$ cat protein.pdb   # PDB, C-alpha atoms
ATOM      1  CA  MET A   1    -117.826-145.980  43.855  1.00  0.00           C
ATOM      2  CA  SER A   2    -120.544-148.643  43.453  1.00  0.00           C
ATOM      3  CA  ALA A   3    -120.274-151.650  41.153  1.00  0.00           C
ATOM      4  CA  GLN A   4    -122.825-150.030  38.851  1.00  0.00           C
ATOM      5  CA  GLN A   5    -120.781-146.830  38.622  1.00  0.00           C
ATOM      6  CA  THR A   6    -117.592-148.838  38.014  1.00  0.00           C
ATOM      7  CA  ALA A   7    -119.269-150.781  35.216  1.00  0.00           C
ATOM      8  CA  HIS A   8    -120.396-147.488  33.671  1.00  0.00           C
ATOM      9  CA  HIS A   9    -116.783-146.345  33.364  1.00  0.00           C
ATOM     10  CA  ILE A  10    -115.727-149.566  31.644  1.00  0.00           C
ATOM     11  CA  GLY A  11    -116.143-149.387  27.880  1.00  0.00           C
ATOM     12  CA  ASP A  12    -118.019-151.967  25.832  1.00  0.00           C
ATOM     13  CA  LEU A  13    -114.751-153.777  25.141  1.00  0.00           C
ATOM     14  CA  GLY A  14    -114.065-154.014  28.872  1.00  0.00           C
ATOM     15  CA  ARG A  15    -117.417-155.726  29.383  1.00  0.00           C
ATOM     16  CA  LEU A  16    -116.921-158.063  26.430  1.00  0.00           C
ATOM     17  CA  CYS A  17    -113.413-159.321  27.165  1.00  0.00           C
ATOM     18  CA  ASN A  18    -112.520-162.176  29.495  1.00  0.00           C
ATOM     19  CA  ARG A  19    -111.915-160.381  32.820  1.00  0.00           C
ATOM     20  CA  ASP A  20    -109.954-163.307  34.284  1.00  0.00           C
ATOM     21  CA  PRO A  21    -106.800-163.393  32.124  1.00  0.00           C
ATOM     22  CA  ILE A  22    -104.223-166.117  32.699  1.00  0.00           C
ATOM     23  CA  SER A  23    -100.755-164.638  32.915  1.00  0.00           C
ATOM     24  CA  ILE A  24     -97.217-165.802  33.552  1.00  0.00           C
ATOM     25  CA  GLU A  25     -93.978-164.076  34.541  1.00  0.00           C
ATOM     26  CA  PRO A  26     -91.323-163.670  31.821  1.00  0.00           C
ATOM     27  CA  THR A  27     -88.817-165.493  34.058  1.00  0.00           C
ATOM     28  CA  ALA A  28     -90.927-168.687  34.230  1.00  0.00           C
ATOM     29  CA  ASP A  29     -89.617-171.658  32.290  1.00  0.00           C
ATOM     30  CA  ILE A  30     -91.279-172.803  29.085  1.00  0.00           C
ATOM     31  CA  VAL A  31     -92.202-176.191  30.545  1.00  0.00           C
ATOM     32  CA  ALA A  32     -94.181-174.406  33.289  1.00  0.00           C
ATOM     33  CA  ALA A  33     -95.870-172.225  30.661  1.00  0.00           C
ATOM     34  CA  ALA A  34     -96.856-175.263  28.584  1.00  0.00           C
ATOM     35  CA  GLY A  35     -98.134-176.966  31.737  1.00  0.00           C
ATOM     36  CA  LEU A  36    -100.239-173.926  32.611  1.00  0.00           C
ATOM     37  CA  MET A  37    -101.700-173.890  29.096  1.00  0.00           C
ATOM     38  CA  ARG A  38    -102.580-177.577  29.405  1.00  0.00           C
ATOM     39  CA  GLU A  39    -104.047-177.155  32.900  1.00  0.00           C
ATOM     40  CA  LYS A  40    -106.225-174.196  31.865  1.00  0.00           C
ATOM     41  CA  HIS A  41    -107.034-175.591  28.384  1.00  0.00           C
ATOM     42  CA  ILE A  42    -105.818-172.444  26.656  1.00  0.00           C
ATOM     43  CA  GLY A  43    -103.294-171.631  23.942  1.00  0.00           C
ATOM     44  CA  PHE A  44    -102.491-168.037  24.932  1.00  0.00           C
ATOM     45  CA  LEU A  45    -100.788-166.560  27.978  1.00  0.00           C
ATOM     46  CA  VAL A  46    -100.268-162.914  28.771  1.00  0.00           C
ATOM     47  CA  VAL A  47     -96.682-162.398  29.903  1.00  0.00           C
ATOM     48  CA  ALA A  48     -96.803-159.834  32.689  1.00  0.00           C
ATOM     49  CA  GLU A  49     -94.603-158.448  35.411  1.00  0.00           C
ATOM     50  CA  MET A  50     -96.014-157.694  38.837  1.00  0.00           C
ATOM     51  CA  GLN A  51     -96.114-153.980  39.635  1.00  0.00           C
ATOM     52  CA  PRO A  52     -96.546-153.921  43.437  1.00  0.00           C
ATOM     53  CA  ALA A  53     -96.337-150.130  43.599  1.00  0.00           C
ATOM     54  CA  ARG A  54     -99.134-149.834  41.013  1.00  0.00           C
ATOM     55  CA  GLY A  55    -101.174-152.736  42.350  1.00  0.00           C
ATOM     56  CA  GLY A  56    -101.327-154.784  39.188  1.00  0.00           C
ATOM     57  CA  LYS A  57     -99.527-156.422  36.302  1.00  0.00           C
ATOM     58  CA  ARG A  58     -97.798-154.710  33.375  1.00  0.00           C
ATOM     59  CA  VAL A  59     -97.999-156.579  30.063  1.00  0.00           C
ATOM     60  CA  VAL A  60     -94.558-157.257  28.552  1.00  0.00           C
ATOM     61  CA  GLY A  61     -95.435-159.945  26.011  1.00  0.00           C
ATOM     62  CA  VAL A  62     -97.673-162.786  24.945  1.00  0.00           C
ATOM     63  CA  LEU A  63     -96.980-166.472  24.528  1.00  0.00           C
ATOM     64  CA  THR A  64     -98.980-168.842  22.359  1.00  0.00           C
ATOM     65  CA  ASP A  65     -98.900-172.590  21.966  1.00  0.00           C
ATOM     66  CA  ARG A  66     -97.792-171.911  18.382  1.00  0.00           C
ATOM     67  CA  ASP A  67     -94.819-169.884  19.677  1.00  0.00           C
ATOM     68  CA  ILE A  68     -93.731-172.920  21.667  1.00  0.00           C
ATOM     69  CA  VAL A  69     -94.097-175.260  18.697  1.00  0.00           C
ATOM     70  CA  VAL A  70     -92.266-172.986  16.256  1.00  0.00           C
ATOM     71  CA  ALA A  71     -89.485-171.756  18.567  1.00  0.00           C
ATOM     72  CA  VAL A  72     -88.913-174.863  20.654  1.00  0.00           C
ATOM     73  CA  VAL A  73     -90.287-178.083  19.190  1.00  0.00           C
ATOM     74  CA  ALA A  74     -89.606-177.371  15.504  1.00  0.00           C
ATOM     75  CA  ARG A  75     -86.057-176.281  16.289  1.00  0.00           C
ATOM     76  CA  GLU A  76     -85.512-179.278  18.594  1.00  0.00           C
ATOM     77  CA  VAL A  77     -84.436-177.007  21.464  1.00  0.00           C
ATOM     78  CA  ASP A  78     -84.493-178.424  24.989  1.00  0.00           C
ATOM     79  CA  PRO A  79     -87.422-176.597  26.624  1.00  0.00           C
ATOM     80  CA  ARG A  80     -85.813-176.916  30.062  1.00  0.00           C
ATOM     81  CA  ASP A  81     -83.154-174.453  28.880  1.00  0.00           C
ATOM     82  CA  LEU A  82     -85.635-171.709  27.973  1.00  0.00           C
ATOM     83  CA  ARG A  83     -87.583-169.048  29.816  1.00  0.00           C
ATOM     84  CA  VAL A  84     -90.853-167.522  28.686  1.00  0.00           C
ATOM     85  CA  SER A  85     -88.952-164.340  27.775  1.00  0.00           C
ATOM     86  CA  ASP A  86     -86.868-166.354  25.274  1.00  0.00           C
ATOM     87  CA  VAL A  87     -89.922-167.430  23.282  1.00  0.00           C
ATOM     88  CA  MET A  88     -92.653-164.817  23.874  1.00  0.00           C
ATOM     89  CA  THR A  89     -93.662-162.093  21.480  1.00  0.00           C
ATOM     90  CA  PRO A  90     -92.446-158.921  23.212  1.00  0.00           C
ATOM     91  CA  ASN A  91     -94.309-155.590  23.110  1.00  0.00           C
ATOM     92  CA  PRO A  92     -97.596-157.049  21.877  1.00  0.00           C
ATOM     93  CA  LEU A  93    -100.634-155.139  20.746  1.00  0.00           C
ATOM     94  CA  ILE A  94    -102.529-153.987  23.842  1.00  0.00           C
ATOM     95  CA  VAL A  95    -105.931-152.302  23.921  1.00  0.00           C
ATOM     96  CA  SER A  96    -107.659-150.244  26.583  1.00  0.00           C
ATOM     97  CA  GLU A  97    -110.847-151.533  28.155  1.00  0.00           C
ATOM     98  CA  GLU A  98    -112.409-148.242  27.032  1.00  0.00           C
ATOM     99  CA  CYS A  99    -111.553-148.903  23.376  1.00  0.00           C
ATOM    100  CA  SER A 100    -114.464-149.554  21.032  1.00  0.00           C
ATOM    101  CA  ILE A 101    -114.928-153.063  19.739  1.00  0.00           C
ATOM    102  CA  ASP A 102    -114.663-151.804  16.154  1.00  0.00           C
ATOM    103  CA  ALA A 103    -111.351-150.060  16.869  1.00  0.00           C
ATOM    104  CA  ALA A 104    -109.976-153.117  18.690  1.00  0.00           C
ATOM    105  CA  LEU A 105    -110.934-155.374  15.774  1.00  0.00           C
ATOM    106  CA  GLY A 106    -109.215-152.994  13.360  1.00  0.00           C
ATOM    107  CA  PHE A 107    -106.046-153.053  15.473  1.00  0.00           C
ATOM    108  CA  MET A 108    -106.208-156.855  15.696  1.00  0.00           C
ATOM    109  CA  ARG A 109    -106.695-157.155  11.921  1.00  0.00           C
ATOM    110  CA  ASP A 110    -103.752-154.858  11.228  1.00  0.00           C
ATOM    111  CA  ALA A 111    -101.526-156.773  13.669  1.00  0.00           C
ATOM    112  CA  GLY A 112    -102.740-160.177  12.452  1.00  0.00           C
ATOM    113  CA  VAL A 113    -103.703-161.440  15.924  1.00  0.00           C
ATOM    114  CA  ARG A 114    -106.718-163.312  17.273  1.00  0.00           C
ATOM    115  CA  ARG A 115    -106.280-162.361  20.925  1.00  0.00           C
ATOM    116  CA  VAL A 116    -105.156-159.187  22.633  1.00  0.00           C
ATOM    117  CA  PRO A 117    -104.453-158.196  26.247  1.00  0.00           C
ATOM    118  CA  VAL A 118    -106.790-155.540  27.626  1.00  0.00           C
ATOM    119  CA  VAL A 119    -105.562-152.961  30.140  1.00  0.00           C
ATOM    120  CA  ARG A 120    -107.188-150.459  32.482  1.00  0.00           C
ATOM    121  CA  ALA A 121    -106.516-146.738  32.275  1.00  0.00           C
ATOM    122  CA  ASP A 122    -103.579-147.208  34.675  1.00  0.00           C
ATOM    123  CA  GLY A 123    -101.950-149.651  32.232  1.00  0.00           C
ATOM    124  CA  ASN A 124    -102.509-152.749  34.365  1.00  0.00           C
ATOM    125  CA  LEU A 125    -103.769-155.981  32.836  1.00  0.00           C
ATOM    126  CA  CYS A 126    -107.506-156.522  33.313  1.00  0.00           C
ATOM    127  CA  GLY A 127    -108.544-158.925  30.543  1.00  0.00           C
ATOM    128  CA  VAL A 128    -108.049-160.609  27.204  1.00  0.00           C
ATOM    129  CA  LEU A 129    -110.188-160.061  24.129  1.00  0.00           C
ATOM    130  CA  SER A 130    -110.398-162.931  21.678  1.00  0.00           C
ATOM    131  CA  LEU A 131    -112.195-163.275  18.386  1.00  0.00           C
ATOM    132  CA  ASP A 132    -114.242-165.998  20.112  1.00  0.00           C
ATOM    133  CA  ASP A 133    -115.625-163.322  22.473  1.00  0.00           C
ATOM    134  CA  VAL A 134    -116.595-161.156  19.520  1.00  0.00           C
ATOM    135  CA  LEU A 135    -118.162-164.090  17.651  1.00  0.00           C
ATOM    136  CA  GLU A 136    -120.256-164.991  20.705  1.00  0.00           C
ATOM    137  CA  ARG A 137    -121.539-161.420  20.870  1.00  0.00           C
ATOM    138  CA  LEU A 138    -122.303-161.399  17.139  1.00  0.00           C
ATOM    139  CA  ALA A 139    -124.112-164.745  17.392  1.00  0.00           C
ATOM    140  CA  ALA A 140    -126.294-163.377  20.205  1.00  0.00           C
ATOM    141  CA  GLN A 141    -127.047-160.258  18.174  1.00  0.00           C
ATOM    142  CA  LEU A 142    -127.915-162.310  15.086  1.00  0.00           C
ATOM    143  CA  SER A 143    -130.195-164.486  17.207  1.00  0.00           C
ATOM    144  CA  SER A 144    -131.997-161.338  18.367  1.00  0.00           C
ATOM    145  CA  VAL A 145    -132.373-160.193  14.756  1.00  0.00           C
ATOM    146  CA  ALA A 146    -133.816-163.572  13.770  1.00  0.00           C
ATOM    147  CA  GLY A 147    -136.194-163.371  16.756  1.00  0.00           C
ATOM    148  CA  CYS A 148    -137.407-159.970  15.579  1.00  0.00           C
ATOM    149  CA  ILE A 149    -138.142-161.354  12.138  1.00  0.00           C
ATOM    150  CA  ARG A 150    -140.032-164.360  13.574  1.00  0.00           C
ATOM    151  CA  SER A 151    -142.053-162.077  15.870  1.00  0.00           C
ATOM    152  CA  GLU A 152    -142.904-159.780  12.985  1.00  0.00           C
ATOM    153  CA  GLN A 153    -144.089-162.742  10.897  1.00  0.00           C
ATOM    154  CA  ARG A 154    -146.196-164.055  13.812  1.00  0.00           C
ATOM    155  CA  ALA A 155    -147.758-160.621  14.328  1.00  0.00           C
ATOM    156  CA  GLU A 156    -148.485-160.347  10.600  1.00  0.00           C
ATOM    157  CA  ARG A 157    -150.270-163.722  10.599  1.00  0.00           C
ATOM    158  CA  ILE A 158    -152.424-162.588  13.532  1.00  0.00           C
ATOM    159  CA  VAL A 159    -153.281-159.160  12.107  1.00  0.00           C
ATOM    160  CA  ARG A 160    -153.767-160.391   8.542  1.00  0.00           C
ATOM    161  CA  PRO A 161    -154.839-164.063   8.681  1.00  0.00           C
TER
END

$ encode --input "protein.pdb" --output "C-alpha coordinates"
Amino acid sequence: MSAQQTAHHIGDLGRLCNRDPISIEPTADIVAAAGLMREKHIGFLVVAEMQPARGGKRVVGVLTDRDIVVAVVAREVDPRDLRVSDVMTPNPLIVSEECSIDAALGFMRDAGVRRVPVVRADGNLCGVLSLDDVLERLAAQLSSVAGCIRSEQRAERIVRP
(Lines of atoms letter the chains of each structure in order from A and count residues from 1; the text may use other names and numbers.)
(Lines give C-alpha, C1' and ligand atoms only; values in the text may rest on other atoms or scores of the structure.)
Protein backbone atom coordinates (compact mmCIF):
# COMPACT_ATOMS: atom_id res chain seq x y z
CA MET A 1 0.00 0.00 0.00
CA SER A 2 1.47 3.40 -0.97
CA ALA A 3 1.77 6.35 1.39
CA GLN A 4 -1.04 8.07 -0.51
CA GLN A 5 -3.34 5.07 -0.08
CA THR A 6 -2.43 4.83 3.62
CA ALA A 7 -3.22 8.51 4.12
CA HIS A 8 -6.58 7.97 2.41
CA HIS A 9 -7.55 5.39 5.02
CA ILE A 10 -6.67 7.71 7.90
CA GLY A 11 -9.59 9.90 8.92
CA ASP A 12 -9.40 13.67 9.24
CA LEU A 13 -8.69 13.31 12.95
CA GLY A 14 -5.75 11.02 12.19
CA ARG A 15 -4.24 13.69 9.95
CA LEU A 16 -4.88 16.47 12.47
CA CYS A 17 -3.47 14.85 15.60
CA ASN A 18 0.18 14.82 16.64
CA ARG A 19 1.45 11.55 15.12
CA ASP A 20 4.51 11.43 17.40
CA PRO A 21 2.98 10.88 20.86
CA ILE A 22 5.24 10.78 23.90
CA SER A 23 4.43 7.79 26.06
CA ILE A 24 5.70 6.15 29.21
CA GLU A 25 5.30 2.71 30.78
CA PRO A 26 3.02 2.45 33.84
CA THR A 27 5.91 0.92 35.81
CA ALA A 28 8.17 3.98 35.34
CA ASP A 29 8.72 6.13 38.41
CA ILE A 30 7.09 9.53 38.75
CA VAL A 31 10.44 11.34 38.85
CA ALA A 32 11.27 9.86 35.42
CA ALA A 33 7.85 10.92 34.12
CA ALA A 34 8.33 14.48 35.37
CA GLY A 35 11.81 14.53 33.83
CA LEU A 36 10.41 13.37 30.49
CA MET A 37 7.77 16.10 30.61
CA ARG A 38 10.46 18.70 31.31
CA GLU A 39 12.77 17.36 28.59
CA LYS A 40 10.01 17.34 25.95
CA HIS A 41 8.35 20.57 27.20
CA ILE A 42 4.97 18.89 27.55
CA GLY A 43 2.42 18.45 30.32
CA PHE A 44 0.76 15.24 29.10
CA LEU A 45 2.04 11.70 28.72
CA VAL A 46 0.20 8.73 27.32
CA VAL A 47 0.71 5.75 29.63
CA ALA A 48 1.07 2.72 27.39
CA GLU A 49 2.18 -0.87 27.58
CA MET A 50 4.22 -2.42 24.79
CA GLN A 51 2.33 -5.08 22.85
CA PRO A 52 5.11 -6.96 21.01
CA ALA A 53 2.70 -9.49 19.54
CA ARG A 54 0.56 -6.67 18.10
CA GLY A 55 3.49 -4.46 17.12
CA GLY A 56 2.50 -1.38 19.06
CA LYS A 57 1.46 0.18 22.33
CA ARG A 58 -1.85 -0.24 24.16
CA VAL A 59 -3.06 2.84 26.04
CA VAL A 60 -3.72 2.13 29.74
CA GLY A 61 -3.81 5.67 31.11
CA VAL A 62 -2.72 9.27 30.87
CA LEU A 63 -0.56 11.38 33.14
CA THR A 64 -0.60 15.15 33.32
CA ASP A 65 1.61 17.63 35.10
CA ARG A 66 -1.50 18.55 37.10
CA ASP A 67 -1.88 14.91 38.20
CA ILE A 68 1.64 15.06 39.61
CA VAL A 69 0.99 18.34 41.42
CA VAL A 70 -2.33 17.24 42.91
CA ALA A 71 -1.42 13.64 43.81
CA VAL A 72 2.21 14.08 44.78
CA VAL A 73 3.27 17.64 45.56
CA ALA A 74 0.05 18.84 47.23
CA ARG A 75 -0.07 15.73 49.40
CA GLU A 76 3.65 16.00 50.22
CA VAL A 77 4.27 12.42 49.06
CA ASP A 78 7.84 11.39 48.26
CA PRO A 79 7.82 11.03 44.45
CA ARG A 80 10.60 8.43 44.60
CA ASP A 81 8.08 6.05 46.21
CA LEU A 82 5.56 6.27 43.36
CA ARG A 83 5.14 4.73 39.94
CA VAL A 84 3.27 6.27 37.04
CA SER A 85 0.47 3.73 37.62
CA ASP A 86 -0.03 5.16 41.14
CA VAL A 87 -0.81 8.64 39.83
CA MET A 88 -2.13 8.26 36.26
CA THR A 89 -5.74 8.47 35.21
CA PRO A 90 -6.56 4.88 34.22
CA ASN A 91 -8.88 3.95 31.33
CA PRO A 92 -8.84 7.39 29.70
CA LEU A 93 -10.97 8.55 26.83
CA ILE A 94 -9.45 7.22 23.61
CA VAL A 95 -10.53 8.07 20.07
CA SER A 96 -9.94 6.33 16.76
CA GLU A 97 -7.93 8.07 14.08
CA GLU A 98 -10.97 7.55 11.84
CA CYS A 99 -13.24 9.47 14.22
CA SER A 100 -14.56 12.81 12.99
CA ILE A 101 -13.18 15.94 14.57
CA ASP A 102 -16.69 16.98 15.64
CA ALA A 103 -17.31 13.64 17.36
CA ALA A 104 -13.90 13.74 19.08
CA LEU A 105 -14.57 17.27 20.35
CA GLY A 106 -17.94 16.15 21.69
CA PHE A 107 -16.31 13.23 23.52
CA MET A 108 -13.61 15.54 24.89
CA ARG A 109 -16.22 18.07 26.06
CA ASP A 110 -18.25 15.37 27.78
CA ALA A 111 -15.15 13.95 29.49
CA GLY A 112 -13.78 17.39 30.38
CA VAL A 113 -10.36 16.81 28.79
CA ARG A 114 -8.12 18.93 26.57
CA ARG A 115 -6.04 16.10 25.14
CA VAL A 116 -6.88 12.57 24.08
CA PRO A 117 -4.86 9.58 22.86
CA VAL A 118 -5.62 8.52 19.30
CA VAL A 119 -5.47 4.86 18.27
CA ARG A 120 -5.41 2.96 14.99
CA ALA A 121 -8.04 0.40 14.06
CA ASP A 122 -5.93 -2.29 15.76
CA GLY A 123 -6.10 -0.37 19.06
CA ASN A 124 -2.45 0.68 19.08
CA LEU A 125 -1.43 4.22 19.98
CA CYS A 126 -0.74 6.41 16.95
CA GLY A 127 -1.20 9.99 18.16
CA VAL A 128 -2.55 12.58 20.55
CA LEU A 129 -5.21 15.14 19.73
CA SER A 130 -5.12 18.37 21.70
CA LEU A 131 -7.35 21.41 21.62
CA ASP A 132 -4.25 23.29 20.41
CA ASP A 133 -4.29 21.14 17.25
CA VAL A 134 -7.94 21.98 16.67
CA LEU A 135 -7.38 25.69 17.32
CA GLU A 136 -4.52 25.76 14.81
CA ARG A 137 -6.79 24.20 12.19
CA LEU A 138 -9.58 26.67 12.98
CA ALA A 139 -7.17 29.61 12.80
CA ALA A 140 -6.00 28.46 9.35
CA GLN A 141 -9.60 28.09 8.20
CA LEU A 142 -10.53 31.54 9.53
CA SER A 143 -7.51 33.00 7.75
CA SER A 144 -8.76 31.45 4.50
CA VAL A 145 -12.21 32.94 5.09
CA ALA A 146 -10.70 36.38 5.70
CA GLY A 147 -8.62 35.97 2.51
CA CYS A 148 -11.78 35.21 0.54
CA ILE A 149 -13.42 38.36 1.83
CA ARG A 150 -10.35 40.49 0.98
CA SER A 151 -10.18 38.98 -2.52
CA GLU A 152 -13.86 39.63 -3.08
CA GLN A 153 -13.44 43.27 -2.01
CA ARG A 154 -10.41 43.67 -4.31
CA ALA A 155 -12.33 42.16 -7.24
CA GLU A 156 -15.29 44.45 -6.52
CA ARG A 157 -13.04 47.54 -6.58
CA ILE A 158 -11.63 46.45 -9.95
CA VAL A 159 -14.99 45.61 -11.55
CA ARG A 160 -16.82 48.60 -10.07
CA PRO A 161 -14.27 51.39 -9.47

$ residues_around --input "protein.pdb" --residues "stretch 92-109 of chain A" --least-positions-apart "4" --cutoff "6 Å" --atoms "all atoms listed in the file" --output "ChimeraX atom specification"
/A:10-11,13-14,61,113,116-120

$ write_last_selection --input "protein.pdb" --atoms "C-alpha atoms" --output "PDB file, keeping the file's coordinate frame"
ATOM      1  CA  ILE A  10    -115.727-149.566  31.644  1.00  0.00           C
ATOM      2  CA  GLY A  11    -116.143-149.387  27.880  1.00  0.00           C
ATOM      3  CA  LEU A  13    -114.751-153.777  25.141  1.00  0.00           C
ATOM      4  CA  GLY A  14    -114.065-154.014  28.872  1.00  0.00           C
ATOM      5  CA  GLY A  61     -95.435-159.945  26.011  1.00  0.00           C
ATOM      6  CA  VAL A 113    -103.703-161.440  15.924  1.00  0.00           C
ATOM      7  CA  VAL A 116    -105.156-159.187  22.633  1.00  0.00           C
ATOM      8  CA  PRO A 117    -104.453-158.196  26.247  1.00  0.00           C
ATOM      9  CA  VAL A 118    -106.790-155.540  27.626  1.00  0.00           C
ATOM     10  CA  VAL A 119    -105.562-152.961  30.140  1.00  0.00           C
ATOM     11  CA  ARG A 120    -107.188-150.459  32.482  1.00  0.00           C
TER      12      ARG A 120
END

$ closest_residue --input "protein.pdb" --among "A:Gly127, A:Asp20, A:Pro161, A:Ala32" --to "A:Pro79" --atoms "only C-alpha atoms"
A:Ala32

$ resolve_selection --input "protein.pdb" --expression "the PyMOL selection byres ((chain A and resi 29) around 10)" --output "list in words"
Ile24, Glu25, Pro26, Thr27, Ala28, Ile30, Val31, Ala32, Ala33, Ala34, Pro79, Arg80, Asp81, Leu82, Arg83, Val84, Ser85, Asp86 and Val87 of chain A

$ resolve_selection --input "protein.pdb" --expression "the PyMOL selection byres ((chain A and resi 62-69) around 8)" --output "ChimeraX atom specification"
/A:30,34,37,43-47,60-61,70-74,84,87-90,92

$ atom_distance --input "protein.pdb" --atom1 "atom CA of A:Val128" --atom2 "atom CA of A:Ile42"
12.1 Å

$ residues_around --input "protein.pdb" --residues "A:Ser130" --least-positions-apart "5" --cutoff "8 Å" --atoms "all atoms listed in the file" --output "ChimeraX atom specification"
/A:17,114-116

$ atom_distance --input "protein.pdb" --atom1 "atom CA of A:Cys126" --atom2 "atom CA of A:Lys57"
8.5 Å

$ atom_distance --input "protein.pdb" --atom1 "atom CA of A:Leu131" --atom2 "atom CA of A:Asn18"
11.2 Å

$ closest_residue --input "protein.pdb" --among "A:Arg150, A:Gly56, A:Ser23, A:Leu16" --to "A:Leu135" --atoms "all atoms listed in the file"
A:Leu16

$ build_atoms --input "protein.pdb" --residues "stretch 140-159 of chain A" --atoms "N, CA and C atoms" --output "PDB file, in the frame of the given file"
ATOM      1  N   ALA A 140    -125.160-163.799  19.381  1.00  0.00           N
ATOM      2  CA  ALA A 140    -126.294-163.377  20.205  1.00  0.00           C
ATOM      3  C   ALA A 140    -127.081-162.275  19.503  1.00  0.00           C
ATOM      4  N   GLN A 141    -126.372-161.339  18.884  1.00  0.00           N
ATOM      5  CA  GLN A 141    -127.047-160.258  18.174  1.00  0.00           C
ATOM      6  C   GLN A 141    -127.821-160.794  16.970  1.00  0.00           C
ATOM      7  N   LEU A 142    -127.223-161.717  16.234  1.00  0.00           N
ATOM      8  CA  LEU A 142    -127.915-162.310  15.086  1.00  0.00           C
ATOM      9  C   LEU A 142    -129.145-163.104  15.528  1.00  0.00           C
ATOM     10  N   SER A 143    -129.047-163.766  16.666  1.00  0.00           N
ATOM     11  CA  SER A 143    -130.195-164.486  17.207  1.00  0.00           C
ATOM     12  C   SER A 143    -131.329-163.517  17.537  1.00  0.00           C
ATOM     13  N   SER A 144    -130.983-162.358  18.070  1.00  0.00           N
ATOM     14  CA  SER A 144    -131.997-161.338  18.367  1.00  0.00           C
ATOM     15  C   SER A 144    -132.644-160.822  17.082  1.00  0.00           C
ATOM     16  N   VAL A 145    -131.840-160.637  16.051  1.00  0.00           N
ATOM     17  CA  VAL A 145    -132.373-160.193  14.756  1.00  0.00           C
ATOM     18  C   VAL A 145    -133.343-161.236  14.207  1.00  0.00           C
ATOM     19  N   ALA A 146    -132.948-162.500  14.256  1.00  0.00           N
ATOM     20  CA  ALA A 146    -133.816-163.572  13.770  1.00  0.00           C
ATOM     21  C   ALA A 146    -135.109-163.620  14.584  1.00  0.00           C
ATOM     22  N   GLY A 147    -135.007-163.399  15.904  1.00  0.00           N
ATOM     23  CA  GLY A 147    -136.194-163.371  16.756  1.00  0.00           C
ATOM     24  C   GLY A 147    -137.134-162.244  16.371  1.00  0.00           C
ATOM     25  N   CYS A 148    -136.584-161.104  16.028  1.00  0.00           N
ATOM     26  CA  CYS A 148    -137.407-159.970  15.579  1.00  0.00           C
ATOM     27  C   CYS A 148    -138.180-160.328  14.316  1.00  0.00           C
ATOM     28  N   ILE A 149    -137.506-160.968  13.401  1.00  0.00           N
ATOM     29  CA  ILE A 149    -138.142-161.354  12.138  1.00  0.00           C
ATOM     30  C   ILE A 149    -139.266-162.355  12.391  1.00  0.00           C
ATOM     31  N   ARG A 150    -138.995-163.363  13.255  1.00  0.00           N
ATOM     32  CA  ARG A 150    -140.032-164.360  13.574  1.00  0.00           C
ATOM     33  C   ARG A 150    -141.228-163.687  14.241  1.00  0.00           C
ATOM     34  N   SER A 151    -140.964-162.766  15.176  1.00  0.00           N
ATOM     35  CA  SER A 151    -142.053-162.077  15.870  1.00  0.00           C
ATOM     36  C   SER A 151    -142.875-161.241  14.900  1.00  0.00           C
ATOM     37  N   GLU A 152    -142.202-160.593  13.974  1.00  0.00           N
ATOM     38  CA  GLU A 152    -142.904-159.780  12.985  1.00  0.00           C
ATOM     39  C   GLU A 152    -143.807-160.668  12.126  1.00  0.00           C
ATOM     40  N   GLN A 153    -143.297-161.823  11.715  1.00  0.00           N
ATOM     41  CA  GLN A 153    -144.089-162.742  10.897  1.00  0.00           C
ATOM     42  C   GLN A 153    -145.299-163.260  11.670  1.00  0.00           C
ATOM     43  N   ARG A 154    -145.095-163.594  12.969  1.00  0.00           N
ATOM     44  CA  ARG A 154    -146.196-164.055  13.812  1.00  0.00           C
ATOM     45  C   ARG A 154    -147.263-162.969  13.928  1.00  0.00           C
ATOM     46  N   ALA A 155    -146.816-161.745  14.190  1.00  0.00           N
ATOM     47  CA  ALA A 155    -147.758-160.621  14.328  1.00  0.00           C
ATOM     48  C   ALA A 155    -148.524-160.404  13.024  1.00  0.00           C
ATOM     49  N   GLU A 156    -147.842-160.522  11.919  1.00  0.00           N
ATOM     50  CA  GLU A 156    -148.485-160.347  10.600  1.00  0.00           C
ATOM     51  C   GLU A 156    -149.572-161.397  10.390  1.00  0.00           C
ATOM     52  N   ARG A 157    -149.276-162.632  10.786  1.00  0.00           N
ATOM     53  CA  ARG A 157    -150.270-163.722  10.599  1.00  0.00           C
ATOM     54  C   ARG A 157    -151.506-163.472  11.475  1.00  0.00           C
ATOM     55  N   ILE A 158    -151.305-162.866  12.639  1.00  0.00           N
ATOM     56  CA  ILE A 158    -152.424-162.588  13.532  1.00  0.00           C
ATOM     57  C   ILE A 158    -153.254-161.421  13.012  1.00  0.00           C
ATOM     58  N   VAL A 159    -152.605-160.358  12.588  1.00  0.00           N
ATOM     59  CA  VAL A 159    -153.281-159.160  12.107  1.00  0.00           C
ATOM     60  C   VAL A 159    -153.943-159.392  10.756  1.00  0.00           C
TER      61      VAL A 159
END
